[in-house]
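The next block is model-v6.tsv, given as TSV, C-alpha atoms.
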chain	number	residue	atom	x	y	z
D	17	CYS	CA	-22.69	-5.31	4.15
D	18	PRO	CA	-24.80	-3.58	1.45
D	19	MET	CA	-22.89	-0.33	1.87
D	20	VAL	CA	-19.56	-2.09	1.27
D	21	ALA	CA	-21.03	-3.70	-1.84
D	22	ALA	CA	-22.32	-0.35	-3.08
D	23	TRP	CA	-18.94	1.30	-2.59
D	24	THR	CA	-16.75	-1.52	-3.90
D	25	PRO	CA	-15.81	0.37	-7.11
D	26	LEU	CA	-14.78	3.38	-5.04
D	27	LEU	CA	-12.77	1.23	-2.64
D	28	LEU	CA	-10.93	-0.38	-5.54
D	29	ALA	CA	-10.22	2.99	-7.13
D	30	TRP	CA	-9.00	4.54	-3.88
D	31	THR	CA	-6.78	1.62	-2.89
D	32	ALA	CA	-5.60	0.29	-6.25
D	33	GLY	CA	-1.94	-0.33	-5.60
D	34	ALA	CA	1.23	-0.91	-7.50
D	35	ALA	CA	0.22	-4.52	-7.85
D	36	GLY	CA	-2.83	-3.57	-9.87
D	37	THR	CA	-4.52	-6.05	-7.53
D	38	PRO	CA	-5.91	-4.26	-4.46
D	39	LEU	CA	-5.54	-6.43	-1.41
D	40	ALA	CA	-8.66	-7.61	0.40
D	41	ALA	CA	-10.39	-5.07	2.62
D	42	SER	CA	-8.80	-5.18	6.05
D	43	ARG	CA	-12.03	-5.27	8.11
D	44	VAL	CA	-9.83	-4.63	11.11
D	45	GLY	CA	-12.64	-4.53	13.65
D	46	LEU	CA	-12.39	-0.94	14.86
D	47	THR	CA	-16.05	-0.99	15.95
D	48	ARG	CA	-16.23	-4.53	17.26
D	49	GLY	CA	-14.59	-6.64	19.94
D	50	ALA	CA	-11.35	-7.21	18.08
D	51	ILE	CA	-9.33	-5.16	20.57
D	52	PRO	CA	-8.26	-7.15	23.65
D	53	ARG	CA	-9.75	-5.83	26.89
D	54	ARG	CA	-6.33	-5.51	28.47
D	55	VAL	CA	-5.33	-2.93	25.86
D	56	ALA	CA	-8.73	-1.32	25.22
D	57	PRO	CA	-8.62	2.47	25.47
D	58	THR	CA	-10.28	4.41	28.24
D	59	HIS	CA	-13.65	5.47	26.89
D	60	ARG	CA	-13.84	9.07	25.82
D	61	ALA	CA	-16.98	11.11	25.28
D	62	PRO	CA	-18.68	10.25	21.98
D	63	LEU	CA	-17.39	12.25	19.05
D	64	VAL	CA	-19.95	14.68	17.66
D	65	LEU	CA	-19.46	15.25	13.95
D	66	ALA	CA	-20.06	18.53	12.25
D	67	THR	CA	-23.28	18.42	10.27
D	68	ALA	CA	-22.31	18.29	6.62
D	69	THR	CA	-23.99	17.51	3.34
D	70	ALA	CA	-20.91	18.55	1.39
D	71	ASN	CA	-17.22	18.83	2.09
D	72	THR	CA	-16.20	21.39	4.67
D	73	GLY	CA	-13.59	24.04	5.18
D	74	ALA	CA	-10.84	24.79	2.69
D	75	ALA	CA	-11.67	21.73	0.63
D	76	ALA	CA	-15.12	23.05	-0.27
D	77	ALA	CA	-14.03	25.88	-2.55
D	78	THR	CA	-12.56	23.70	-5.31
D	79	SER	CA	-14.34	20.39	-4.82
D	80	PRO	CA	-17.51	18.97	-6.38
D	81	PRO	CA	-20.59	18.23	-4.21
D	82	LEU	CA	-20.41	15.01	-2.26
D	83	SER	CA	-22.72	12.02	-2.10
D	84	THR	CA	-24.22	11.22	1.30
D	85	PHE	CA	-21.66	8.61	2.35
D	86	ALA	CA	-18.71	10.62	1.07
D	87	ALA	CA	-20.01	13.69	2.94
D	88	ARG	CA	-20.10	11.71	6.19
D	89	VAL	CA	-16.51	10.57	5.62
D	90	ASP	CA	-15.49	14.14	4.85
D	91	ALA	CA	-17.14	15.49	8.01
D	92	ALA	CA	-15.56	12.80	10.18
D	93	THR	CA	-12.13	13.43	8.68
D	94	ALA	CA	-12.40	17.17	9.30
D	95	THR	CA	-13.63	16.64	12.86
D	96	LEU	CA	-10.94	14.14	13.79
D	97	PHE	CA	-7.92	15.73	12.13
D	98	GLY	CA	-8.92	19.32	11.38
D	99	ALA	CA	-10.43	20.88	8.27
D	100	GLU	CA	-7.40	22.87	7.17
D	101	PRO	CA	-4.67	20.21	7.67
D	102	THR	CA	-6.73	17.67	5.71
D	103	ALA	CA	-7.98	19.97	2.95
D	104	ARG	CA	-5.90	18.35	0.18
D	105	VAL	CA	-6.94	14.84	1.17
D	106	ARG	CA	-10.61	15.79	1.30
D	107	ARG	CA	-10.43	17.50	-2.08
D	108	ALA	CA	-8.98	14.28	-3.50
D	109	TRP	CA	-11.77	12.30	-1.85
D	110	ALA	CA	-14.41	14.60	-3.35
D	111	ARG	CA	-12.94	14.30	-6.85
D	112	LEU	CA	-12.84	10.52	-6.57
D	113	ASP	CA	-16.45	10.49	-5.37
D	114	ALA	CA	-17.40	12.58	-8.42
D	115	GLY	CA	-15.58	10.20	-10.77
D	116	GLU	CA	-13.00	12.76	-11.85
D	117	GLU	CA	-9.61	11.72	-13.19
D	118	HIS	CA	-6.44	13.78	-13.28
D	119	GLU	CA	-4.22	13.63	-16.35
D	120	SER	CA	-1.12	15.68	-17.02
D	121	VAL	CA	1.24	15.46	-20.01
D	122	LEU	CA	4.75	15.94	-18.61
D	123	SER	CA	6.70	15.89	-21.89
D	124	ASP	CA	6.44	14.58	-25.43
D	125	HIS	CA	7.72	11.12	-24.41
D	126	PRO	CA	4.84	8.62	-24.76
D	127	LEU	CA	5.20	7.44	-21.14
D	128	MET	CA	5.56	10.91	-19.62
D	129	ILE	CA	1.91	11.15	-18.67
D	130	GLN	CA	0.61	11.26	-15.11
D	131	ARG	CA	-2.84	9.73	-14.70
D	132	ALA	CA	-4.66	9.32	-11.38
D	133	SER	CA	-8.20	8.95	-10.05
D	134	SER	CA	-6.83	9.17	-6.49
D	135	TYR	CA	-5.00	12.48	-6.83
D	136	ILE	CA	-3.79	14.86	-4.12
D	137	ASP	CA	-2.89	18.25	-5.52
D	138	GLY	CA	0.45	19.90	-4.82
D	139	LEU	CA	2.57	16.73	-4.65
D	140	SER	CA	5.62	16.95	-6.90
D	141	VAL	CA	5.81	14.43	-9.71
D	142	HIS	CA	9.11	12.75	-10.59
D	143	PRO	CA	9.12	9.44	-12.46
D	144	TRP	CA	12.15	8.31	-10.45
D	145	HIS	CA	13.02	9.30	-6.88
D	146	GLU	CA	16.77	8.74	-6.91
D	147	PRO	CA	18.78	7.62	-5.24
D	148	ALA	CA	16.27	5.62	-3.22
D	149	THR	CA	18.91	5.32	-0.51
D	150	LYS	CA	18.61	9.03	0.31
D	151	HIS	CA	15.78	7.67	2.46
D	152	LYS	CA	17.16	5.94	5.55
D	153	TRP	CA	14.65	3.12	5.34
D	154	ALA	CA	15.74	2.22	1.79
D	155	LYS	CA	19.38	2.24	2.82
D	156	LYS	CA	18.57	-0.15	5.67
D	157	LEU	CA	16.71	-2.48	3.33
D	158	GLU	CA	19.68	-2.65	0.97
D	159	ALA	CA	22.06	-3.30	3.86
D	160	SER	CA	20.01	-6.31	5.02
D	161	TRP	CA	18.52	-7.52	1.75
D	162	THR	CA	19.94	-11.03	2.16
D	163	VAL	CA	17.53	-11.54	5.06
D	164	VAL	CA	14.68	-11.18	2.59
D	165	ARG	CA	16.41	-13.28	-0.06
D	166	ASP	CA	17.14	-16.16	2.30
D	167	GLU	CA	13.62	-16.22	3.73
D	168	LEU	CA	11.99	-16.22	0.30
D	169	LYS	CA	14.44	-18.81	-1.03
D	170	SER	CA	13.59	-21.11	1.87
D	171	ALA	CA	9.86	-20.74	1.22
D	172	LEU	CA	10.25	-21.35	-2.53
D	173	ALA	CA	12.16	-24.56	-1.83
D	174	ASP	CA	8.82	-26.17	-0.92
D	175	GLU	CA	6.10	-24.44	-2.95
D	176	ASP	CA	3.50	-27.04	-1.96
D	177	ALA	CA	4.02	-26.26	1.71
D	178	LEU	CA	3.96	-22.53	1.00
D	179	HIS	CA	0.59	-22.82	-0.73
D	180	ALA	CA	-0.76	-25.08	2.02
D	181	LEU	CA	0.35	-22.82	4.87
D	182	GLY	CA	-0.05	-19.42	3.27
D	183	ASN	CA	-2.98	-17.14	2.58
D	184	ASN	CA	-3.84	-16.47	-1.08
D	185	VAL	CA	-0.31	-17.33	-2.15
D	186	TRP	CA	0.71	-15.90	-5.52
D	187	ALA	CA	-2.63	-14.29	-6.15
D	188	GLY	CA	-3.34	-13.08	-9.66
D	189	ALA	CA	-5.07	-10.00	-11.00
D	190	LYS	CA	-8.45	-9.28	-9.42
D	191	ASN	CA	-10.10	-7.68	-12.44
D	192	GLN	CA	-9.84	-7.61	-16.22
D	193	THR	CA	-8.22	-4.17	-16.32
D	194	SER	CA	-5.38	-5.33	-14.09
D	195	ALA	CA	-5.05	-8.59	-15.97
D	196	SER	CA	-4.74	-6.71	-19.25
D	197	ALA	CA	-1.96	-4.51	-17.88
D	198	TYR	CA	0.00	-7.03	-15.83
D	199	GLY	CA	-0.74	-10.32	-17.54
D	200	GLN	CA	-2.40	-13.40	-16.14
D	201	ASP	CA	0.86	-14.86	-14.79
D	202	TRP	CA	2.00	-11.86	-12.72
D	203	ARG	CA	1.49	-12.87	-9.07
D	204	THR	CA	1.75	-11.45	-5.55
D	205	LEU	CA	2.05	-12.72	-1.98
D	206	ALA	CA	0.75	-10.18	0.52
D	207	LEU	CA	2.51	-9.31	3.77
D	208	CYS	CA	0.94	-6.02	4.82
D	209	ASP	CA	-2.22	-4.23	3.72
D	210	ARG	CA	-2.65	-0.59	4.72
D	211	THR	CA	-0.44	-0.93	7.81
D	212	VAL	CA	-2.08	-4.16	9.02
D	213	TRP	CA	0.04	-7.31	8.74
D	214	ASP	CA	-1.42	-10.43	7.18
D	215	GLU	CA	-1.74	-12.82	10.12
D	216	THR	CA	-0.88	-15.93	8.09
D	217	ASN	CA	1.72	-14.78	5.58
D	218	SER	CA	3.63	-12.51	7.95
D	219	ALA	CA	4.26	-15.52	10.20
D	220	LEU	CA	5.85	-17.31	7.23
D	221	PHE	CA	8.22	-14.39	6.59
D	222	PRO	CA	8.86	-12.99	10.07
D	223	ARG	CA	12.41	-11.74	9.47
D	224	THR	CA	11.31	-9.81	6.39
D	225	CYS	CA	8.45	-8.23	8.34
D	226	GLU	CA	10.78	-7.40	11.22
D	227	LEU	CA	13.18	-5.72	8.80
D	228	LEU	CA	10.41	-3.61	7.27
D	229	HIS	CA	9.21	-2.63	10.72
D	230	LYS	CA	12.62	-1.83	12.19
D	231	ALA	CA	13.69	0.08	9.09
D	232	LYS	CA	10.62	2.29	9.61
D	233	VAL	CA	9.45	1.97	6.03
D	234	PRO	CA	6.43	4.34	5.64
D	235	LEU	CA	4.34	1.40	4.45
D	236	VAL	CA	0.94	1.46	2.89
D	237	GLU	CA	1.32	-2.15	1.78
D	238	ALA	CA	4.04	-4.74	1.19
D	239	PHE	CA	4.13	-7.96	-0.79
D	240	PHE	CA	6.37	-10.24	-2.79
D	241	ALA	CA	5.82	-10.08	-6.55
D	242	LYS	CA	6.95	-12.50	-9.21
D	243	MET	CA	7.17	-11.88	-12.94
D	244	PRO	CA	7.34	-14.95	-15.16
D	245	PRO	CA	10.02	-15.60	-17.77
D	246	ARG	CA	9.77	-13.89	-21.16
D	247	SER	CA	6.87	-11.68	-20.06
D	248	VAL	CA	5.91	-8.04	-20.54
D	249	ILE	CA	3.78	-5.62	-18.52
D	250	GLY	CA	2.32	-3.02	-20.84
D	251	PRO	CA	2.16	0.76	-20.25
D	252	HIS	CA	-0.25	1.70	-17.50
D	253	SER	CA	-0.76	3.93	-14.45
D	254	ASP	CA	-1.59	2.73	-10.94
D	255	MET	CA	-3.99	5.72	-10.76
D	256	CYS	CA	-2.80	7.03	-7.37
D	257	ASN	CA	-0.27	9.81	-6.74
D	258	PHE	CA	-0.15	9.92	-2.94
D	259	ALA	CA	1.81	6.68	-2.67
D	260	LEU	CA	5.10	5.89	-4.38
D	261	THR	CA	6.26	2.38	-5.26
D	262	ALA	CA	9.46	0.84	-3.94
D	263	HIS	CA	11.12	-2.36	-5.16
D	264	LEU	CA	13.86	-4.38	-3.53
D	265	GLY	CA	15.46	-6.90	-5.86
D	266	VAL	CA	15.41	-10.34	-4.22
D	267	GLN	CA	15.94	-12.94	-6.95
D	268	VAL	CA	16.55	-11.18	-10.25
D	269	PRO	CA	18.09	-12.60	-13.46
D	270	GLU	CA	21.15	-10.43	-14.06
D	271	ASN	CA	20.76	-7.59	-16.59
D	272	LYS	CA	17.62	-9.08	-18.13
D	273	CYS	CA	14.75	-7.41	-16.25
D	274	HIS	CA	13.92	-3.80	-16.99
D	275	LEU	CA	11.46	-1.19	-15.73
D	276	SER	CA	10.57	2.02	-17.58
D	277	VAL	CA	8.81	4.84	-15.74
D	278	GLY	CA	8.19	7.94	-17.82
D	279	ASP	CA	11.27	8.66	-19.92
D	280	GLY	CA	13.70	6.63	-17.77
D	281	THR	CA	14.55	2.92	-17.82
D	282	ARG	CA	16.29	1.04	-15.02
D	283	THR	CA	17.41	-2.57	-14.56
D	284	TRP	CA	16.43	-4.55	-11.49
D	285	ALA	CA	19.29	-6.05	-9.49
D	286	ASP	CA	19.55	-8.20	-6.39
D	287	GLY	CA	19.81	-6.10	-3.25
D	288	ARG	CA	19.05	-2.79	-4.99
D	289	ALA	CA	16.19	-0.56	-3.90
D	290	MET	CA	14.28	1.55	-6.42
D	291	LEU	CA	11.68	4.23	-5.70
D	292	PHE	CA	9.39	5.64	-8.37
D	293	ASP	CA	6.01	7.23	-9.06
D	294	THR	CA	3.57	4.77	-10.61
D	295	SER	CA	0.95	7.43	-11.28
D	296	VAL	CA	3.26	8.09	-14.25
D	297	LEU	CA	2.87	5.62	-17.11
D	298	HIS	CA	5.27	2.71	-16.75
D	299	GLU	CA	6.03	-0.68	-18.29
D	300	ALA	CA	8.25	-3.66	-17.52
D	301	ARG	CA	9.80	-6.69	-19.15
D	302	ASN	CA	11.54	-9.88	-18.10
D	303	ASP	CA	13.71	-11.09	-20.98
D	304	ALA	CA	15.18	-13.99	-19.01
D	305	ASP	CA	14.24	-17.65	-18.94
D	306	GLU	CA	13.82	-17.40	-15.15
D	307	THR	CA	11.21	-15.87	-12.86
D	308	ARG	CA	11.98	-12.47	-11.35
D	309	TYR	CA	11.15	-11.98	-7.64
D	310	ILE	CA	11.07	-8.66	-5.80
D	311	LEU	CA	9.82	-7.29	-2.50
D	312	MET	CA	7.33	-4.60	-3.49
D	313	MET	CA	6.17	-1.79	-1.25
D	314	ARG	CA	3.76	1.08	-1.50
D	315	VAL	CA	4.99	4.00	0.60
D	316	TYR	CA	3.50	7.39	1.31
D	317	HIS	CA	4.69	10.27	-0.86
D	318	PRO	CA	7.31	12.07	1.26
D	319	GLU	CA	5.56	15.43	0.81
D	320	LEU	CA	2.43	14.28	2.64
D	321	SER	CA	2.17	15.57	6.19
D	322	GLY	CA	1.72	13.22	9.12
D	323	VAL	CA	-1.86	14.42	9.53
D	324	GLU	CA	-2.60	13.76	5.86
D	325	ARG	CA	-1.30	10.21	6.19
D	326	LYS	CA	-3.56	9.62	9.18
D	327	ALA	CA	-6.51	11.08	7.28
D	328	LEU	CA	-5.86	8.74	4.34
D	329	GLN	CA	-5.73	5.74	6.67
D	330	PHE	CA	-9.00	6.85	8.26
D	331	ILE	CA	-10.68	7.00	4.84
D	332	PHE	CA	-9.38	3.49	4.06
D	333	ASP	CA	-10.93	2.31	7.34
D	334	CYS	CA	-14.27	3.98	6.59
D	335	LEU	CA	-14.39	2.19	3.24
D	336	ASP	CA	-13.46	-1.12	4.82
D	337	GLU	CA	-15.73	-0.68	7.82
D	338	PRO	CA	-18.43	1.92	7.08
D	339	GLU	CA	-20.18	1.22	10.38
D	340	LEU	CA	-17.33	3.15	11.99
D	341	LEU	CA	-19.13	6.35	10.96
D	342	ALA	CA	-22.18	5.38	13.04
D	343	ASP	CA	-20.17	4.61	16.20
D	344	PRO	CA	-19.35	7.87	18.05
D	345	ILE	CA	-17.35	6.05	20.73
D	346	ALA	CA	-15.20	4.28	18.15
D	347	LEU	CA	-14.65	7.57	16.35
D	348	ALA	CA	-13.62	9.30	19.56
D	349	GLU	CA	-11.15	6.51	20.26
D	350	TYR	CA	-10.08	6.03	16.65
D	351	PRO	CA	-6.38	6.99	17.02
D	352	GLU	CA	-5.90	4.60	19.95
D	353	ARG	CA	-7.90	1.80	18.37
D	354	ARG	CA	-6.02	2.09	15.08
D	355	ALA	CA	-2.65	1.96	16.89
D	356	MET	CA	-3.78	-1.09	18.86
D	357	VAL	CA	-4.99	-2.92	15.75
D	358	GLU	CA	-1.62	-2.34	14.10
D	359	ALA	CA	0.26	-3.52	17.20
D	360	ALA	CA	-1.95	-6.60	17.49
D	361	SER	CA	-1.32	-7.49	13.85
D	362	ARG	CA	2.44	-7.57	14.52
D	363	GLN	CA	2.01	-10.34	17.07
D	364	SER	CA	1.84	-13.06	14.45
D	365	TRP	CA	5.32	-12.47	13.02
D	366	GLU	CA	6.70	-11.53	16.45
D	367	ARG	CA	5.59	-14.92	17.84
D	368	ALA	CA	7.12	-16.68	14.84
D	369	LEU	CA	10.43	-14.90	15.47
D	370	ASP	CA	10.38	-15.77	19.16
D	371	GLY	CA	9.68	-19.41	18.34
D	372	ALA	CA	12.52	-19.58	15.82
D	373	ARG	CA	14.98	-18.04	18.27
D	374	ARG	CA	14.03	-20.45	21.04
D	375	ARG	CA	14.63	-23.40	18.70
D	376	ARG	CA	18.19	-22.32	17.94
What would the structure in this file look like if it were written as structure tokens?
Amino acid sequence: CPMVAAWTPLLLAWTAGAAGTPLAASRVGLTRGAIPRRVAPTHRAPLVLATATANTGAAAATSPPLSTFAARVDAATATLFGAEPTARVRRAWARLDAGEEHESVLSDHPLMIQRASSYIDGLSVHPWHEPATKHKWAKKLEASWTVVRDELKSALADEDALHALGNNVWAGAKNQTSASAYGQDWRTLALCDRTVWDETNSALFPRTCELLHKAKVPLVEAFFAKMPPRSVIGPHSDMCNFALTAHLGVQVPENKCHLSVGDGTRTWADGRAMLFDTSVLHEARNDADETRYILMMRVYHPELSGVERKALQFIFDCLDEPELLADPIALAEYPERRAMVEAASRQSWERALDGARRRR
């Protein structure tokens, strides 16, 4: 689609995650026949968008003028979710469209700098959100971390089969900027991209996906990440402040793998959850002679409202599937269609779980 091609830099900037390697656009099929007829929503009246050539409502006062496509996204967001409740999100969208970048010096420590092109104002900034287990979902992950360890260990026992059966297994950096920050050998294996489960990989790790789902992790994305022996990730920002990064240690060399975010350094450990803000400069090192494996998650900043999270997801979907903006029926049914797409994407790992349980 020419529009997708034209907006690829914006999509990468908006969705650049903790991996430094944005996952492939979901293309979830919100405007096409991807939703089974038996669960298709009852058709509503077409949604009529407010006419807008610039951002609307409270967002307009402090935001730069919008390009045509961005203005259409802004108008749709305000119409679907309300102008006032989404004002912060739409201001962030306008600044990104204008190419603006937020930078804030937090202290005189060289890493205490917040830098973000996807920046929602008013969110508190703390390099470390500790303890991570003050969040129920993190506590549940720690309690059942061996489920993740055992599933990954089983998959790593036959790497050839994993590569043959999986989708883009241990993918590297997607651009030179990410490669410079993370290194050519830093790799990821995607499970979930913007609330939609990877059909292939989630079926290979169904118990991990079930744990994430049942723990009610406020996921934006989830993936395994491996860091090679004797490697370093240099100081960088993930350029987004509305999502925090969570790590669960899965297979970590003891006391030899360290992460610095801002002015604080922590050591990864098996079964330990960490939560931190990667819009703050951070760096990492693996001083061991073994590979470090973690389960990595991007989660919404806890100070975002439920409406703001829905608005962010809608903007992701407009970038992935810009034809959504030209389909008034799909827009009117967007909340139902989005919920159905997410539910349908769970079927892959749910079927794998059912099959495994029947074989026991």
Neighbouring residues of Lys152 (chain D) were defined as those with any atom within 12 Å, considering all atoms listed in the file; residues of the same chain fewer than 2 positions away were excluded. Please report them as a PyMOL selection string. chain D and resi 147-150+154-159+228+230-234+289
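Taking CA of Gly250 (chain D) and CA of Asp279 (chain D) as endpoints, the distance between them is 14.7 Å.
Look at Ser295 (chain D): the protein and nucleic acid residues within 7 Å of it, using all atoms listed in the file and passing over chain neighbours fewer than 3 places away, are Gln130, Arg131, Ala132, Ser253, Asp254, Met255, Cys256 and Asn257 of chain D.
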Residue nearest Cys208 (chain D) among D:Arg375, D:Arg354, D:His229, D:His274 (counting all atoms listed in the file): D:His229
Closest of D:Trp144, D:Trp213, D:Tyr309, D:Phe221 to Val236 (chain D), counting only C-alpha atoms, is D:Trp213
Residue contacts of Asp137 (chain D) (12 Å, only C-alpha atoms) excluding same-chain residues fewer than 5 positions away, as a PDB file with C-alpha atoms, in the coordinates of the input:
ATOM      1  CA  ALA D  75     -11.670  21.730   0.630  1.00  0.00           C
ATOM      2  CA  THR D  78     -12.560  23.700  -5.310  1.00  0.00           C
ATOM      3  CA  SER D  79     -14.340  20.390  -4.820  1.00  0.00           C
ATOM      4  CA  THR D 102      -6.730  17.670   5.710  1.00  0.00           C
ATOM      5  CA  ALA D 103      -7.980  19.970   2.950  1.00  0.00           C
ATOM      6  CA  ARG D 104      -5.900  18.350   0.180  1.00  0.00           C
ATOM      7  CA  VAL D 105      -6.940  14.840   1.170  1.00  0.00           C
ATOM      8  CA  ARG D 106     -10.610  15.790   1.300  1.00  0.00           C
ATOM      9  CA  ARG D 107     -10.430  17.500  -2.080  1.00  0.00           C
ATOM     10  CA  ALA D 108      -8.980  14.280  -3.500  1.00  0.00           C
ATOM     11  CA  TRP D 109     -11.770  12.300  -1.850  1.00  0.00           C
ATOM     12  CA  ARG D 111     -12.940  14.300  -6.850  1.00  0.00           C
ATOM     13  CA  HIS D 118      -6.440  13.780 -13.280  1.00  0.00           C
ATOM     14  CA  GLU D 119      -4.220  13.630 -16.350  1.00  0.00           C
ATOM     15  CA  SER D 120      -1.120  15.680 -17.020  1.00  0.00           C
ATOM     16  CA  ALA D 132      -4.660   9.320 -11.380  1.00  0.00           C
ATOM     17  CA  CYS D 256      -2.800   7.030  -7.370  1.00  0.00           C
ATOM     18  CA  ASN D 257      -0.270   9.810  -6.740  1.00  0.00           C
ATOM     19  CA  PHE D 258      -0.150   9.920  -2.940  1.00  0.00           C
ATOM     20  CA  HIS D 317       4.690  10.270  -0.860  1.00  0.00           C
ATOM     21  CA  GLU D 319       5.560  15.430   0.810  1.00  0.00           C
ATOM     22  CA  LEU D 320       2.430  14.280   2.640  1.00  0.00           C
TER      23      LEU D 320
END
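Rounded to one decimal, CA of Arg308 (chain D) and CA of Glu270 (chain D) lie 9.8 Å from each other.
Considering the residues D:Asp343, D:Asp370, D:Asp333, D:Asp303 and counting only C-alpha atoms, Val248 (chain D) has its shortest atom-to-atom contact with D:Asp303.
Counting all atoms listed in the file, the residue from D:Trp202, D:Phe330, D:Trp284, D:Phe292 that sits nearest to Ser247 (chain D) is D:Trp202.
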One-decimal distance in Å that lies between CA of Val89 (chain D) and CA of Ala346 (chain D): 14.1 Å
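The residue that comes closest to Lys242 (chain D), out of D:Ser133, D:Ser123, D:Ser160, D:Gln267 and on the basis of all atoms listed in the file, is D:Gln267.
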